[in-house]
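Visitor: Structure: structure26.txt, compact mmCIF, N, CA and C atoms.
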```txt
# COMPACT_ATOMS: atom_id res chain seq x y z
N MET A 2 28.96 -163.14 -129.74
CA MET A 2 28.04 -162.68 -130.74
C MET A 2 28.26 -161.19 -130.98
N GLY A 3 28.37 -160.79 -132.23
CA GLY A 3 28.58 -159.40 -132.58
C GLY A 3 27.28 -158.62 -132.66
N PHE A 4 27.42 -157.33 -132.75
CA PHE A 4 26.26 -156.45 -132.87
C PHE A 4 25.68 -156.57 -134.27
N MET A 5 24.39 -156.83 -134.37
CA MET A 5 23.72 -156.96 -135.65
C MET A 5 22.69 -155.85 -135.78
N GLY A 6 23.03 -154.78 -136.46
CA GLY A 6 22.09 -153.68 -136.62
C GLY A 6 22.71 -152.53 -137.36
N THR A 7 21.95 -151.48 -137.50
CA THR A 7 22.42 -150.29 -138.19
C THR A 7 23.09 -149.35 -137.22
N LEU A 8 24.32 -148.96 -137.49
CA LEU A 8 25.03 -148.03 -136.64
C LEU A 8 24.81 -146.59 -137.08
N TRP A 9 24.74 -146.34 -138.38
CA TRP A 9 24.47 -145.01 -138.90
C TRP A 9 23.84 -145.12 -140.28
N SER A 10 23.26 -144.03 -140.73
CA SER A 10 22.50 -144.09 -141.99
C SER A 10 23.12 -143.24 -143.09
N SER A 11 24.42 -143.23 -143.21
CA SER A 11 25.07 -142.37 -144.21
C SER A 11 24.77 -142.82 -145.64
N LEU A 12 24.37 -144.05 -145.84
CA LEU A 12 24.03 -144.51 -147.18
C LEU A 12 22.54 -144.45 -147.46
N VAL A 13 21.78 -143.89 -146.53
CA VAL A 13 20.35 -143.73 -146.70
C VAL A 13 20.00 -142.28 -146.42
N PRO A 14 20.18 -141.41 -147.41
CA PRO A 14 19.87 -140.00 -147.21
C PRO A 14 18.38 -139.79 -146.97
N LEU A 15 18.05 -138.92 -146.03
CA LEU A 15 16.67 -138.64 -145.69
C LEU A 15 16.16 -137.43 -146.45
N ARG A 16 14.95 -137.54 -147.00
CA ARG A 16 14.30 -136.42 -147.69
C ARG A 16 13.45 -135.69 -146.65
N VAL A 17 13.72 -134.40 -146.46
CA VAL A 17 13.01 -133.63 -145.43
C VAL A 17 12.34 -132.41 -146.05
N VAL A 18 11.26 -131.94 -145.41
CA VAL A 18 10.51 -130.79 -145.91
C VAL A 18 10.98 -129.52 -145.23
N GLY A 19 11.02 -129.48 -143.92
CA GLY A 19 11.47 -128.29 -143.18
C GLY A 19 12.96 -128.38 -142.91
N PHE A 20 13.76 -128.18 -143.95
CA PHE A 20 15.20 -128.44 -143.88
C PHE A 20 15.88 -127.69 -142.75
N ASP A 21 15.72 -126.37 -142.66
CA ASP A 21 16.42 -125.59 -141.63
C ASP A 21 15.99 -125.99 -140.23
N LYS A 22 14.71 -126.21 -140.04
CA LYS A 22 14.19 -126.60 -138.72
C LYS A 22 14.73 -127.96 -138.29
N ILE A 23 14.73 -128.92 -139.20
CA ILE A 23 15.22 -130.26 -138.88
C ILE A 23 16.73 -130.25 -138.70
N LEU A 24 17.44 -129.51 -139.54
CA LEU A 24 18.90 -129.40 -139.41
C LEU A 24 19.27 -128.81 -138.06
N ASN A 25 18.60 -127.74 -137.66
CA ASN A 25 18.86 -127.13 -136.35
C ASN A 25 18.51 -128.07 -135.21
N SER A 26 17.47 -128.88 -135.38
CA SER A 26 17.09 -129.84 -134.36
C SER A 26 18.19 -130.88 -134.14
N TYR A 27 18.70 -131.44 -135.23
CA TYR A 27 19.78 -132.42 -135.12
C TYR A 27 21.03 -131.79 -134.48
N LYS A 28 21.28 -130.54 -134.79
CA LYS A 28 22.47 -129.87 -134.26
C LYS A 28 22.30 -129.49 -132.79
N SER A 29 21.16 -128.91 -132.42
CA SER A 29 20.99 -128.42 -131.05
C SER A 29 20.51 -129.49 -130.07
N VAL A 30 19.59 -130.35 -130.49
CA VAL A 30 19.04 -131.36 -129.58
C VAL A 30 19.95 -132.58 -129.48
N GLN A 31 20.40 -133.09 -130.62
CA GLN A 31 21.21 -134.30 -130.62
C GLN A 31 22.70 -134.02 -130.62
N GLY A 32 23.10 -132.78 -130.78
CA GLY A 32 24.51 -132.41 -130.67
C GLY A 32 25.38 -132.81 -131.83
N LEU A 33 24.81 -132.98 -133.01
CA LEU A 33 25.61 -133.34 -134.18
C LEU A 33 26.24 -132.10 -134.80
N ASP A 34 27.39 -132.28 -135.43
CA ASP A 34 28.09 -131.20 -136.11
C ASP A 34 27.77 -131.26 -137.60
N GLU A 35 27.66 -130.10 -138.23
CA GLU A 35 27.35 -130.04 -139.65
C GLU A 35 28.63 -130.07 -140.48
N THR A 36 28.63 -130.92 -141.49
CA THR A 36 29.70 -130.94 -142.50
C THR A 36 29.03 -130.62 -143.83
N HIS A 37 29.79 -130.23 -144.82
CA HIS A 37 29.19 -129.79 -146.08
C HIS A 37 29.54 -130.74 -147.21
N LEU A 38 28.54 -131.04 -148.02
CA LEU A 38 28.73 -131.88 -149.19
C LEU A 38 27.73 -131.43 -150.25
N GLY A 39 28.09 -130.42 -151.03
CA GLY A 39 27.20 -129.92 -152.07
C GLY A 39 25.92 -129.34 -151.48
N GLY A 40 24.77 -129.74 -152.01
CA GLY A 40 23.49 -129.26 -151.54
C GLY A 40 22.88 -130.09 -150.44
N TRP A 41 23.64 -131.00 -149.89
CA TRP A 41 23.14 -131.88 -148.84
C TRP A 41 23.46 -131.29 -147.47
N GLY A 42 22.62 -131.61 -146.49
CA GLY A 42 22.93 -131.30 -145.10
C GLY A 42 23.54 -132.54 -144.49
N CYS A 43 24.81 -132.53 -144.25
CA CYS A 43 25.51 -133.69 -143.71
C CYS A 43 25.85 -133.43 -142.25
N LEU A 44 25.61 -134.42 -141.40
CA LEU A 44 25.83 -134.29 -139.97
C LEU A 44 26.64 -135.46 -139.46
N LYS A 45 27.40 -135.21 -138.40
CA LYS A 45 28.15 -136.28 -137.75
C LYS A 45 28.38 -135.91 -136.30
N ALA A 46 28.71 -136.92 -135.50
CA ALA A 46 29.08 -136.70 -134.11
C ALA A 46 30.52 -136.21 -134.06
N TYR A 47 30.90 -135.53 -132.99
CA TYR A 47 32.23 -134.92 -132.93
C TYR A 47 33.37 -135.92 -132.97
N ASP A 48 33.12 -137.17 -132.55
CA ASP A 48 34.21 -138.15 -132.47
C ASP A 48 34.20 -139.16 -133.63
N GLU A 49 33.45 -138.89 -134.68
CA GLU A 49 33.41 -139.80 -135.83
C GLU A 49 34.59 -139.56 -136.76
N PHE A 50 35.04 -140.63 -137.39
CA PHE A 50 36.14 -140.52 -138.35
C PHE A 50 35.63 -140.31 -139.77
N ASP A 51 34.40 -140.75 -140.04
CA ASP A 51 33.82 -140.58 -141.37
C ASP A 51 33.41 -139.13 -141.59
N HIS A 52 33.17 -138.77 -142.85
CA HIS A 52 32.76 -137.41 -143.20
C HIS A 52 31.41 -137.07 -142.59
N HIS A 53 30.48 -138.03 -142.57
CA HIS A 53 29.15 -137.79 -142.04
C HIS A 53 28.51 -139.11 -141.64
N SER A 54 27.46 -139.01 -140.82
CA SER A 54 26.70 -140.20 -140.46
C SER A 54 25.22 -140.05 -140.81
N LEU A 55 24.82 -138.85 -141.21
CA LEU A 55 23.43 -138.60 -141.57
C LEU A 55 23.40 -137.55 -142.67
N MET A 56 22.57 -137.80 -143.69
CA MET A 56 22.44 -136.85 -144.80
C MET A 56 20.98 -136.42 -144.90
N LEU A 57 20.76 -135.11 -145.05
CA LEU A 57 19.43 -134.56 -145.22
C LEU A 57 19.35 -133.84 -146.56
N ARG A 58 18.21 -133.96 -147.23
CA ARG A 58 18.03 -133.31 -148.53
C ARG A 58 16.66 -132.64 -148.55
N LEU A 59 16.61 -131.37 -148.94
CA LEU A 59 15.38 -130.61 -149.02
C LEU A 59 14.58 -131.04 -150.24
N VAL A 60 13.32 -131.46 -150.01
CA VAL A 60 12.44 -131.91 -151.09
C VAL A 60 11.01 -131.47 -150.79
N ASP A 61 10.10 -131.77 -151.71
CA ASP A 61 8.69 -131.43 -151.51
C ASP A 61 7.93 -132.51 -150.73
N GLU A 62 8.45 -133.75 -150.74
CA GLU A 62 7.78 -134.87 -150.10
C GLU A 62 8.79 -135.69 -149.30
N ILE A 63 8.48 -136.01 -148.05
CA ILE A 63 9.43 -136.72 -147.19
C ILE A 63 9.60 -138.18 -147.62
N GLY A 64 10.71 -138.79 -147.23
CA GLY A 64 10.98 -140.20 -147.53
C GLY A 64 12.48 -140.46 -147.58
N LEU A 65 12.85 -141.55 -148.19
CA LEU A 65 14.24 -141.93 -148.40
C LEU A 65 14.63 -141.64 -149.83
N VAL A 66 15.87 -141.25 -150.05
CA VAL A 66 16.32 -140.95 -151.41
C VAL A 66 16.50 -142.24 -152.20
N PHE A 67 17.20 -143.22 -151.61
CA PHE A 67 17.37 -144.52 -152.25
C PHE A 67 17.63 -145.55 -151.20
```
Translate the structure described by the file into structure tokens.

Guide:
Amino acid sequence: MGFMGTLWSSLVPLRVVGFDKILNSYKSVQGLDETHLGGWGCLKAYDEFDHHSLMLRLVDEIGLVF
């Protein structure tokens, strides 16, 4: 039986309010590296082959982008 679940959320960008605070939290606490993609905060683990595994976007109200 294979793994049935979500491995990463790169197709579900997160809408965040405290962008710098949350970005620093993902980088310092969880050890993710920042990659750049326009106005998005993109993060990934050091051993990932993809460009990013998590996307953050600064908005007025939290939630999912799509």

Visitor: Applying 7 Å and only N, CA and C atoms, which residues near range 20-29 of chain A remain after dropping the ones on its own chain fewer than 6 positions away? List them as a count of residues only.

Guide: 4

Visitor: Excluding Leu33 in chain A and residues on its chain fewer than 6 positions from it, collect all residues at most 6 Å away from it, counting only N, CA and C atoms, and give them as a ChimeraX atom specification.

Guide: /A:27,44-47

Visitor: To one decimal in Å, tell me the separation between atom N of Asp48 in chain A and atom C of Gly32 in chain A.

Guide: 8.9 Å

Visitor: Which value, in Å to one decimal, gives the distance between CA of Ser54 in chain A and CA of Gln31 in chain A?

Guide: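 Straight-line distance from CA of Ser54 in chain A to CA of Gln31 in chain A works out to 12.7 Å.
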
Visitor: What is the distance, in Å and to one decimal place, between CA of Gly19 in chain A and CA of Phe50 in chain A?

Guide: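 Separating CA of Gly19 in chain A from CA of Phe50 in chain A is a distance of 28.0 Å.
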
Visitor: Given the point (24.5, -138.0, -148.1) in the file's coordinates, find the residues that have an atom at most 6 Å from it, counting all atoms listed in the file, and give them as number ranges by chain.

Guide: A: 11, 14, 55-57

Visitor: Could you turn the residues from that selection into a file that holds N, CA and C atoms, as a PDB file, keeping the file's coordinate frame?

Guide:
```pdb
ATOM      1  N   SER A  11      24.420-143.230-143.210  1.00  0.00           N
ATOM      2  CA  SER A  11      25.070-142.370-144.210  1.00  0.00           C
ATOM      3  C   SER A  11      24.770-142.820-145.640  1.00  0.00           C
ATOM      4  N   PRO A  14      20.180-141.410-147.410  1.00  0.00           N
ATOM      5  CA  PRO A  14      19.870-140.000-147.210  1.00  0.00           C
ATOM      6  C   PRO A  14      18.380-139.790-146.970  1.00  0.00           C
ATOM      7  N   LEU A  55      24.820-138.850-141.210  1.00  0.00           N
ATOM      8  CA  LEU A  55      23.430-138.600-141.570  1.00  0.00           C
ATOM      9  C   LEU A  55      23.400-137.550-142.670  1.00  0.00           C
ATOM     10  N   MET A  56      22.570-137.800-143.690  1.00  0.00           N
ATOM     11  CA  MET A  56      22.440-136.850-144.800  1.00  0.00           C
ATOM     12  C   MET A  56      20.980-136.420-144.900  1.00  0.00           C
ATOM     13  N   LEU A  57      20.760-135.110-145.050  1.00  0.00           N
ATOM     14  CA  LEU A  57      19.430-134.560-145.220  1.00  0.00           C
ATOM     15  C   LEU A  57      19.350-133.840-146.560  1.00  0.00           C
TER      16      LEU A  57
END
```
